[in-house]
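K.L.:
Dropping a structure here in structure tokens format, bear with me for questions.
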Amino acid sequence: MTTTVTTGQAVAARAVDVWKVYGSGEAQVIALHGVSVELERGQFTAIMGPSGSGKSTLMHTLAGLDSVTRGEIFIGDTRLTGMSDGDLTNLRRTKVGFIFQQFNLLPTLTAEENILLPLSIAGRKADPKWYETVIDTVGLRDRLKHRPSQLSGGQQQRVACARALVSRPEVIFADEPTGNLDSRSGAEVLSFLRNSVREYGQTIVMVTHDPNAASYADRVIFLADGQVVDELLAPSADAVLDKLKGLDAKVESAADASQAG
Amino acid sequence: MLRATLKSLLSRKLRLVLSGLAVVLGVMFVSGAFVLTDTMGRSFDSLFSSVYQGIDVNVTQKPKVGGDQDVGPSQQGNIPAATLDKVRAVPGVASVTGDATADGARVIGKNGKVVTTFGPPRLGGNWVGTSDLLQLREGRAPAADNEIVVNVTTAKSAGGLKVGDDVGVLTLQPGKKVFKLVGIFGYSGDRDSLGGSLEVLFTTPVAQELMLGEKDVYSGINVTAAAGVTNEKLRDDVAAALGGEAGGFQVKTGKQLTDETTKSFREGLAFFNNVLIGFAGVALFVGTFLILNTFSIIVAQRTRELALMRALGGSRGQTLGSVIIEAVAIGLIASVLGLAAGVGVGVLLAWVFGNVSGVALASVGVPAAAVISAFVVGLLVTVVAAVLPALRASRIPPIAALQEVATPDRPLTKLTVSGALIGAAGGTMLGLGLAGQGDNTLWLILGGVLVSFIGVALLTPLLARPVVSLLGRLFSWSVPGKLGRLNSGRNPRRTAITAAALMVGLALITGVNVILASAKQSLSSQASTQVTVDLIISGDGDDNGPAKFDPAVMDAAAKLPGVSSAASEYWDFAQVDGNGTGISATPDMAAYASMFKLTATEGTLQWTGPDQAVIDTENAKKRNLTLGSTMTMQFTRGEPHQVKIVGLYQRSDVMGGTIVSGDVVKDYRSAQPSWGYLRVSDGASVDAIQKQVDQLLVDNPEVSVANRAEYVDAQSAQFDQLLVMIQVLLALAILIAVLGIVNTLALSVLERTRELGLLRAIGMRRAQTMRMVTVEAVVISTFGALLGLAVGTGLGAAVVRALKDDGFTKLAFPWSQMATYLLLAALVGVIAAVLPSIRASRVNVLQAISHD
Ligand SMILES: Nc1ncnc2c1ncn2[C@@H]1O[C@H](COP(=O)(O)OP(=O)(O)OP(=O)(O)O)[C@@H](O)[C@H]1O
Ligand SMILES: [Mg+2]
């Protein structure tokens, strides 16, 4: 495995020999096959791989949304494995941010209320300066009082990004955040994510199928059959495409099919 | 199509259970009522058929008073003993027995209190020997005038009377009499009584004197036929011998008597049945809201599924059909379950009734009416409630439905306008009903209330938004609270229907409460302003009228030092100018008038001779009577009196109608007063005199003396009992409304799984999630309660205002009760939220966010 060995301080999240097995007997699926990764602080990491390769599973286990069958997960210095629901909720409040592919926002709240929701649920106040910075970066100042139904898909995703950023979490996890957007809105969201890494040192982990999206990242990790099979640093879209083609032919066709779908 | 429908039906078990439960409960109430009254009816049938066993033909005097439904049990006149001989002379007569029985022999139990029953009479009669029916269980027959026998039920109810005991008995003659108990009897088939009746049997002369008030008279003659003579022939022969119609006798066969008694009891039962069914109707009405809501939600969620069916070639009719099939399936299952539960409830209640009343129960049967009503009601309610949303769904063009992510909220204009119109119609009906007189008023009022409810229910969505957001502000201090409030405002129709269901039950309870509170307050204000009585002697009554006491007590009380004036009031049923009515008489009109602050507008309020009456001006006008007119009054006994009006008075809120001079009470069923009024002179202690009067009443345990405040309280206590009963009966409607809240919440939680997942992912705790759902429930339930309180107050106030001239002088609002209802409603919200909120907090974050 070719992960860069770094000091504990510089690692935002890490998985150590993580196994995830669904079901048992005939129906058993091994989604993660002894995965070990370290995600550096202040880096934008993309996770790629054919459909069913375990990307989402890896992300969910890293984020503490799902338990692991074996192995350990750390966010910063905190060991997630074996934590109670309450502790995990606390962890999600303070150390983790999420951006989902869709249904990121509560329809009853305005954009502003949605952005501040994680903080208000936790009973915390936003740092006003940081809040202003985030709002300006996502460029939503004139939309703050609007409800999600009055925003475009791209704007909604940007609200979701702002929500993830505003509590300054240790790591932001994004599962195909641009999966539902056209290329222009997608590019907006991606550059916004990259900027928050570059300028504010935010750590972001993003699952994507799109080599173009991956090219915004600092590092791409390739998964196949629940294992880390390769990685790229400072990737270009072409390099990512090449790597993907280099993967197992059988898997590749499956990946293509899923991109087409 | 059918298979697809049934499949999707099974996949939504929770919803079906909840909406089905509403139907089950309603059907249970309806069929339970039928089973109960059927069982009771047949129990009475078998009871009465044996009561008249051994009587082939029965002769009674044509009642002088009665035959009118305003008048209680018919008051038989006395038959002279000579008539027995006439009957005995009729050919074909085998035996003749004179019966001297009347209701009103009250045994004083071991605890010193009069033994009471829940309806069955307390008969006093003459001993005529044992028969196939009547068996002596212990001791012997009464032989001396101071000896009695009682039936086993009486002995038991009186606290275990034994042969040899001295037993106090109140009869229709003044004063308590003490007898030696010489025997205890029962009936064939090991029965302790006939239908729970308490019976005391004296020697014939004693029964005649104490129960009939005359020597050598009978209340009835029982005849048996000689072999070979039919009962009908014997009846006709006896009737002819007694002078036919003109003779003033009623001659009937035993079978006729059985049928008549059974019929009148059945009528009473039918009324009871209608009351139960009325409450079941309320429950079902509320249930309709719940089912309506469930189906709206189900159909809304299935819009895409239905659209797909239509896109694949299903017709609009098929779409509609699929929903109706679903409704029929739910309706059928719920009806079957409801019927089963109803039979259970009916049997249980019949058993309780049997134990309380001592009536031997007939075997339990399920009458056709129960089955038919169960299915008709269950199916009808469900299908009606399902058709509305189904019609709406079938109108959506398939493509629109397929593309639509969520059905947008349609404007509420149409609903609001129709709600306003229907509400106005309901209000008008109610107003007409309350203002009007005649046979249709009750239906107008009931219909008005029902239609008003529908109108208000239709207006509720419009109210939901502002009221809910206002209510929700109370909870907005926490984020989950705020989210809960926002959620409850999300679908005003759904919130509104859910709340409206709660409104119905609560509005009825509140309305009744306002009426009763107003009645209480009116009563106490009238007591303090329109009455100058310090002490009142009175007691509860039975079918024959209010309890009575020895007139000697009044004489003694009037002589007590410190009593400045005394008046007594007698009461009985009478025919006045041919109409049956209850009528009061007092020996001292002047004292009576001053007790109730009555003043003469014409003539005097004082008796100057026998057969006189005073009447209030309003009644006089209505009946075209003036000073000096005469009324023909027939009392229970004796010949008709020509009663002359000697005075007119202005009616007050407590006093109105005709009051007759005291000399007529000798023809009353029992010449004993029912009320005694005493005024205490200034400076004398009311308490001290009350104690003395209490002493005078030791031998009249059915009545007691109360000061004015106590009397008002005692009267009010009856209202409280009524209120409790109505609350218990309406509790079912409230229960169904609560189910509605549970249902709505459960569906909302289901619909919002993804949102819940999101909230949990970004850091919401389980407890916070539960709080969010709870706030939503509490907002809905308090909204419903507020509506119910408002509508109920309106209804109650309307009724009170309409009854202004009937003594409802004050309009009072039971604020503390209303606050209690509001708090209970909030509590109900919390309880309703328990299961849905647990469900919400258990939402699996991963499944929720990956759920498409
Ligand atoms: N809840 C589950 N139960 C059983 N198997 C599951 C479950 N969730 C995921 N899997 C299996 O685990 C494997 C990895 O799934 P995962 O969702 O992580 O793939 P992915 O890489 O995110 O795919 P995609 O690109 O299609 O989103 C797949 O084979 C999937 O079928
Ligand atoms: Mg995935």
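The chains in the structure tokens are called A, B, ... from first to last as shown; in each chain the residues are counted from 1, and the ligands are counted from 1 in the order shown.
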Given a cut-off of 8 Å, what residues near ligand 1 show up using only C-alpha atoms and all ligand atoms, put as a list in words?

P.N.:
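Going residue by residue within 8 Å of ligand 1, we get Val21, Tyr22, Gly23, Gln28, Val29, Ile30, Ala31, Leu32, Met48, Gly49, Pro50, Ser51, Gly52, Ser53, Gly54, Lys55, Ser56, Thr57, Leu58, Val207, Thr208, His209, Leu223, Asp225, Gly226, Ala255 and Ser258 of chain A; Gln847 of chain B.
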
K.L.:
With only C-alpha atoms as the counted atoms, please give the residues lying no more than 7 Å from Arg93 of chain A, apart from itself and same-chain residues fewer than 4 positions off, as a ChimeraX atom specification.

P.N.:
/A:89,118,122 /B:762-763

K.L.:
Skip Leu136 of chain B itself and residues of its chain fewer than 2 positions away, then list as a JSON list (two decimals) with N, CA and C atoms, in the first residue's frame all residues within 10 Å of it, counting only C-alpha atoms.

P.N.:
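Contents of the output file around.json:
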```json
[["chain", "number", "residue", "atom", "x", "y", "z"],
["B", 129, "GLY", "N", -101.27, -16.79, 49.11],
["B", 129, "GLY", "CA", -100.89, -18.20, 49.12],
["B", 129, "GLY", "C", -99.81, -18.52, 48.11],
["B", 130, "THR", "N", -99.22, -19.70, 48.29],
["B", 130, "THR", "CA", -98.18, -20.12, 47.35],
["B", 130, "THR", "C", -98.81, -20.64, 46.08],
["B", 131, "SER", "N", -98.00, -20.76, 45.02],
["B", 131, "SER", "CA", -98.50, -21.25, 43.74],
["B", 131, "SER", "C", -97.35, -21.92, 43.01],
["B", 134, "LEU", "N", -94.91, -18.87, 43.03],
["B", 134, "LEU", "CA", -94.42, -18.31, 44.30],
["B", 134, "LEU", "C", -94.21, -19.42, 45.32],
["B", 138, "GLU", "N", -88.67, -19.85, 53.48],
["B", 138, "GLU", "CA", -88.41, -19.94, 54.92],
["B", 138, "GLU", "C", -89.63, -19.46, 55.65],
["B", 139, "GLY", "N", -89.84, -19.93, 56.86],
["B", 139, "GLY", "CA", -90.92, -19.41, 57.70],
["B", 139, "GLY", "C", -92.29, -19.77, 57.19],
["B", 140, "ARG", "N", -93.25, -18.87, 57.44],
["B", 140, "ARG", "CA", -94.64, -19.19, 57.14],
["B", 140, "ARG", "C", -95.32, -17.96, 56.55],
["B", 141, "ALA", "N", -96.60, -18.13, 56.19],
["B", 141, "ALA", "CA", -97.36, -17.03, 55.61],
["B", 141, "ALA", "C", -97.75, -16.02, 56.68],
["B", 149, "VAL", "N", -94.23, -11.01, 54.88],
["B", 149, "VAL", "CA", -93.18, -11.83, 54.25],
["B", 149, "VAL", "C", -92.53, -10.96, 53.17],
["B", 150, "VAL", "N", -91.27, -11.22, 52.88],
["B", 150, "VAL", "CA", -90.60, -10.48, 51.80],
["B", 150, "VAL", "C", -89.94, -11.49, 50.87],
["B", 151, "ASN", "N", -89.62, -11.06, 49.65],
["B", 151, "ASN", "CA", -88.91, -11.98, 48.76],
["B", 151, "ASN", "C", -87.42, -11.99, 49.10],
["B", 152, "VAL", "N", -86.74, -12.99, 48.57],
["B", 152, "VAL", "CA", -85.33, -13.20, 48.95],
["B", 152, "VAL", "C", -84.50, -11.97, 48.60],
["B", 183, "GLY", "N", -91.75, -14.73, 57.14],
["B", 183, "GLY", "CA", -91.37, -15.67, 56.08],
["B", 183, "GLY", "C", -90.61, -14.97, 54.97],
["B", 184, "ILE", "N", -89.88, -15.78, 54.21],
["B", 184, "ILE", "CA", -89.16, -15.25, 53.04],
["B", 184, "ILE", "C", -89.52, -16.13, 51.86],
["B", 185, "PHE", "N", -89.91, -15.51, 50.77],
["B", 185, "PHE", "CA", -90.34, -16.32, 49.61],
["B", 185, "PHE", "C", -89.51, -16.05, 48.38],
["B", 186, "GLY", "N", -89.60, -17.02, 47.45],
["B", 186, "GLY", "CA", -88.90, -16.87, 46.18],
["B", 186, "GLY", "C", -89.80, -17.37, 45.08],
["B", 187, "TYR", "N", -89.23, -17.58, 43.90],
["B", 187, "TYR", "CA", -90.03, -17.98, 42.76],
["B", 187, "TYR", "C", -89.48, -19.25, 42.14]]
```

K.L.:
So which one's closest to ligand 2, A:Asn180, A:Gln43, A:Gln202, A:Gln101? Using only C-alpha atoms and all ligand atoms, please.

P.N.:
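Of A:Asn180, A:Gln43, A:Gln202, A:Gln101, the one nearest ligand 2 is A:Gln101, counting only C-alpha atoms and all ligand atoms.
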
K.L.:
I need the contact residues of chain B against chain A, so if you could list those with any atom within 8 Å, counting only C-alpha atoms, and return them as an NGL selection string, that would help.

P.N.:
:B and (479-480 or 483 or 486-487 or 490 or 754-755 or 758 or 760-765 or 845-846 or 849)

K.L.:
Would you list the contacts of Arg143 of chain A as a ChimeraX atom specification, taking every protein, DNA or RNA residue within 9 Å and counting only C-alpha atoms, but skipping same-chain residues closer than 3 positions in sequence?

P.N.:
/A:110-112,139-140,146-147,151,155

K.L.:
Write out as a list in words which residues come within 7 Å of Arg14 of chain A when counting only C-alpha atoms, dropping same-chain ones fewer than 6 positions away.

P.N.:
Val37, Glu38, Leu39, Ile73, Phe74 and Ile75 of chain A

K.L.:
Find the distance between atom CA of Tyr592 of chain B and atom CA of Phe573 of chain B and write it in Å to one decimal.

P.N.:
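Spanning atom CA of Tyr592 of chain B to atom CA of Phe573 of chain B is a straight-line distance of 20.4 Å.
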
K.L.:
For atom CA of Ala557 of chain B and atom CA of Val665 of chain B, quote the distance in Å rounded to one decimal.

P.N.:
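Result for atom CA of Ala557 of chain B versus atom CA of Val665 of chain B: 20.1 Å, one decimal.
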
K.L.:
Looking only at helix (DSSP H, G or I) from DSSP on the backbone, list the matching residues of segment 81-132 of chain A as an MDAnalysis selection string.

P.N.:
chainID A and resid 85:94 111:121 128:132

K.L.:
Next, dump the selected residues to file, keeping only N, CA, C and O atoms, as a JSON list (two decimals), in the first residue's frame.

P.N.:
```
[["chain", "number", "residue", "atom", "x", "y", "z"],
["A", 85, "ASP", "N", -24.17, 5.56, 20.43],
["A", 85, "ASP", "CA", -24.88, 6.46, 19.52],
["A", 85, "ASP", "C", -24.72, 7.91, 19.96],
["A", 85, "ASP", "O", -24.50, 8.80, 19.15],
["A", 86, "GLY", "N", -24.80, 8.14, 21.26],
["A", 86, "GLY", "CA", -24.68, 9.51, 21.77],
["A", 86, "GLY", "C", -23.32, 10.09, 21.46],
["A", 86, "GLY", "O", -23.20, 11.23, 21.02],
["A", 87, "ASP", "N", -22.27, 9.28, 21.68],
["A", 87, "ASP", "CA", -20.91, 9.77, 21.42],
["A", 87, "ASP", "C", -20.72, 10.04, 19.94],
["A", 87, "ASP", "O", -20.10, 11.03, 19.53],
["A", 88, "LEU", "N", -21.27, 9.14, 19.11],
["A", 88, "LEU", "CA", -21.15, 9.33, 17.66],
["A", 88, "LEU", "C", -21.87, 10.61, 17.24],
["A", 88, "LEU", "O", -21.39, 11.35, 16.39],
["A", 89, "THR", "N", -23.05, 10.85, 17.85],
["A", 89, "THR", "CA", -23.77, 12.07, 17.52],
["A", 89, "THR", "C", -22.94, 13.28, 17.89],
["A", 89, "THR", "O", -22.81, 14.23, 17.11],
["A", 90, "ASN", "N", -22.32, 13.23, 19.07],
["A", 90, "ASN", "CA", -21.46, 14.32, 19.48],
["A", 90, "ASN", "C", -20.33, 14.55, 18.49],
["A", 90, "ASN", "O", -20.01, 15.68, 18.13],
["A", 91, "LEU", "N", -19.76, 13.42, 18.04],
["A", 91, "LEU", "CA", -18.65, 13.50, 17.10],
["A", 91, "LEU", "C", -19.12, 14.15, 15.80],
["A", 91, "LEU", "O", -18.44, 15.02, 15.25],
["A", 92, "ARG", "N", -20.31, 13.75, 15.34],
["A", 92, "ARG", "CA", -20.82, 14.32, 14.10],
["A", 92, "ARG", "C", -21.08, 15.81, 14.27],
["A", 92, "ARG", "O", -20.92, 16.58, 13.35],
["A", 93, "ARG", "N", -21.48, 16.19, 15.50],
["A", 93, "ARG", "CA", -21.74, 17.60, 15.74],
["A", 93, "ARG", "C", -20.48, 18.43, 15.63],
["A", 93, "ARG", "O", -20.50, 19.55, 15.14],
["A", 94, "THR", "N", -19.38, 17.88, 16.18],
["A", 94, "THR", "CA", -18.20, 18.72, 16.33],
["A", 94, "THR", "C", -17.14, 18.48, 15.27],
["A", 94, "THR", "O", -16.42, 19.39, 14.89],
["A", 111, "ALA", "N", -32.47, 29.02, 3.56],
["A", 111, "ALA", "CA", -31.07, 28.67, 3.29],
["A", 111, "ALA", "C", -30.22, 28.98, 4.52],
["A", 111, "ALA", "O", -29.42, 28.15, 4.97],
["A", 112, "GLU", "N", -30.41, 30.16, 5.08],
["A", 112, "GLU", "CA", -29.61, 30.55, 6.23],
["A", 112, "GLU", "C", -29.82, 29.60, 7.40],
["A", 112, "GLU", "O", -28.87, 29.14, 8.04],
["A", 113, "GLU", "N", -31.09, 29.28, 7.67],
["A", 113, "GLU", "CA", -31.38, 28.38, 8.80],
["A", 113, "GLU", "C", -30.79, 27.01, 8.55],
["A", 113, "GLU", "O", -30.30, 26.36, 9.48],
["A", 114, "ASN", "N", -30.83, 26.58, 7.29],
["A", 114, "ASN", "CA", -30.23, 25.28, 6.95],
["A", 114, "ASN", "C", -28.73, 25.31, 7.21],
["A", 114, "ASN", "O", -28.17, 24.34, 7.74],
["A", 115, "ILE", "N", -28.10, 26.42, 6.83],
["A", 115, "ILE", "CA", -26.65, 26.51, 7.02],
["A", 115, "ILE", "C", -26.30, 26.44, 8.50],
["A", 115, "ILE", "O", -25.36, 25.77, 8.92],
["A", 116, "LEU", "N", -27.12, 27.09, 9.31],
["A", 116, "LEU", "CA", -26.81, 27.16, 10.75],
["A", 116, "LEU", "C", -27.37, 25.98, 11.54],
["A", 116, "LEU", "O", -27.14, 25.88, 12.74],
["A", 117, "LEU", "N", -28.08, 25.08, 10.84],
["A", 117, "LEU", "CA", -28.78, 24.00, 11.55],
["A", 117, "LEU", "C", -27.88, 23.15, 12.45],
["A", 117, "LEU", "O", -28.20, 22.93, 13.62],
["A", 118, "PRO", "N", -26.72, 22.66, 11.93],
["A", 118, "PRO", "CA", -25.90, 21.80, 12.81],
["A", 118, "PRO", "C", -25.47, 22.54, 14.07],
["A", 118, "PRO", "O", -25.45, 21.97, 15.16],
["A", 119, "LEU", "N", -25.17, 23.83, 13.92],
["A", 119, "LEU", "CA", -24.76, 24.59, 15.09],
["A", 119, "LEU", "C", -25.92, 24.78, 16.05],
["A", 119, "LEU", "O", -25.78, 24.60, 17.26],
["A", 120, "SER", "N", -27.11, 25.10, 15.51],
["A", 120, "SER", "CA", -28.22, 25.35, 16.43],
["A", 120, "SER", "C", -28.70, 24.06, 17.09],
["A", 120, "SER", "O", -29.11, 24.07, 18.24],
["A", 121, "ILE", "N", -28.61, 22.94, 16.35],
["A", 121, "ILE", "CA", -28.95, 21.66, 16.99],
["A", 121, "ILE", "C", -28.02, 21.40, 18.16],
["A", 121, "ILE", "O", -28.44, 20.95, 19.22],
["A", 128, "PRO", "N", -19.05, 34.69, 13.87],
["A", 128, "PRO", "CA", -19.65, 35.59, 12.86],
["A", 128, "PRO", "C", -18.70, 35.88, 11.69],
["A", 128, "PRO", "O", -19.13, 35.91, 10.54],
["A", 129, "LYS", "N", -17.43, 36.01, 12.02],
["A", 129, "LYS", "CA", -16.49, 36.34, 10.94],
["A", 129, "LYS", "C", -16.40, 35.19, 9.94],
["A", 129, "LYS", "O", -16.46, 35.37, 8.73],
["A", 130, "TRP", "N", -16.28, 34.00, 10.50],
["A", 130, "TRP", "CA", -16.17, 32.80, 9.66],
["A", 130, "TRP", "C", -17.46, 32.61, 8.85],
["A", 130, "TRP", "O", -17.43, 32.32, 7.65],
["A", 131, "TYR", "N", -18.58, 32.85, 9.52],
["A", 131, "TYR", "CA", -19.87, 32.72, 8.83],
["A", 131, "TYR", "C", -19.94, 33.65, 7.62],
["A", 131, "TYR", "O", -20.28, 33.22, 6.52],
["A", 132, "GLU", "N", -19.53, 34.91, 7.84],
["A", 132, "GLU", "CA", -19.54, 35.88, 6.73],
["A", 132, "GLU", "C", -18.64, 35.39, 5.60],
["A", 132, "GLU", "O", -19.01, 35.42, 4.43]]
```

K.L.:
Could you list, as a list in words, every residue within 9 Å of Ala239 of chain B, counting only C-alpha atoms and ignoring same-chain residues fewer than 6 positions away?

P.N.:
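Counting only C-alpha atoms, the residues come to Val59, Val87, Glu245, Gly247, Phe249, Gln250, Val251 and Lys252 of chain B.
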
K.L.:
When DSSP is applied to the backbone of this structure, which of segment 63-256 of chain B are assigned strand (DSSP E or B)? Write them out as a ChimeraX atom specification.

P.N.:
/B:65,75,79-80,93-99,102-103,106-108,114,122-126,134-139,147-151,166-170,176-187,191,198-202,217-218,220-225,249-253

K.L.:
Rank nothing, just name the residue among A:Gln150, A:Val171, A:Gln227, A:Leu144 nearest to His33 of chain A, using only C-alpha atoms.

P.N.:
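Smallest distance to His33 of chain A is found for A:Gln227.
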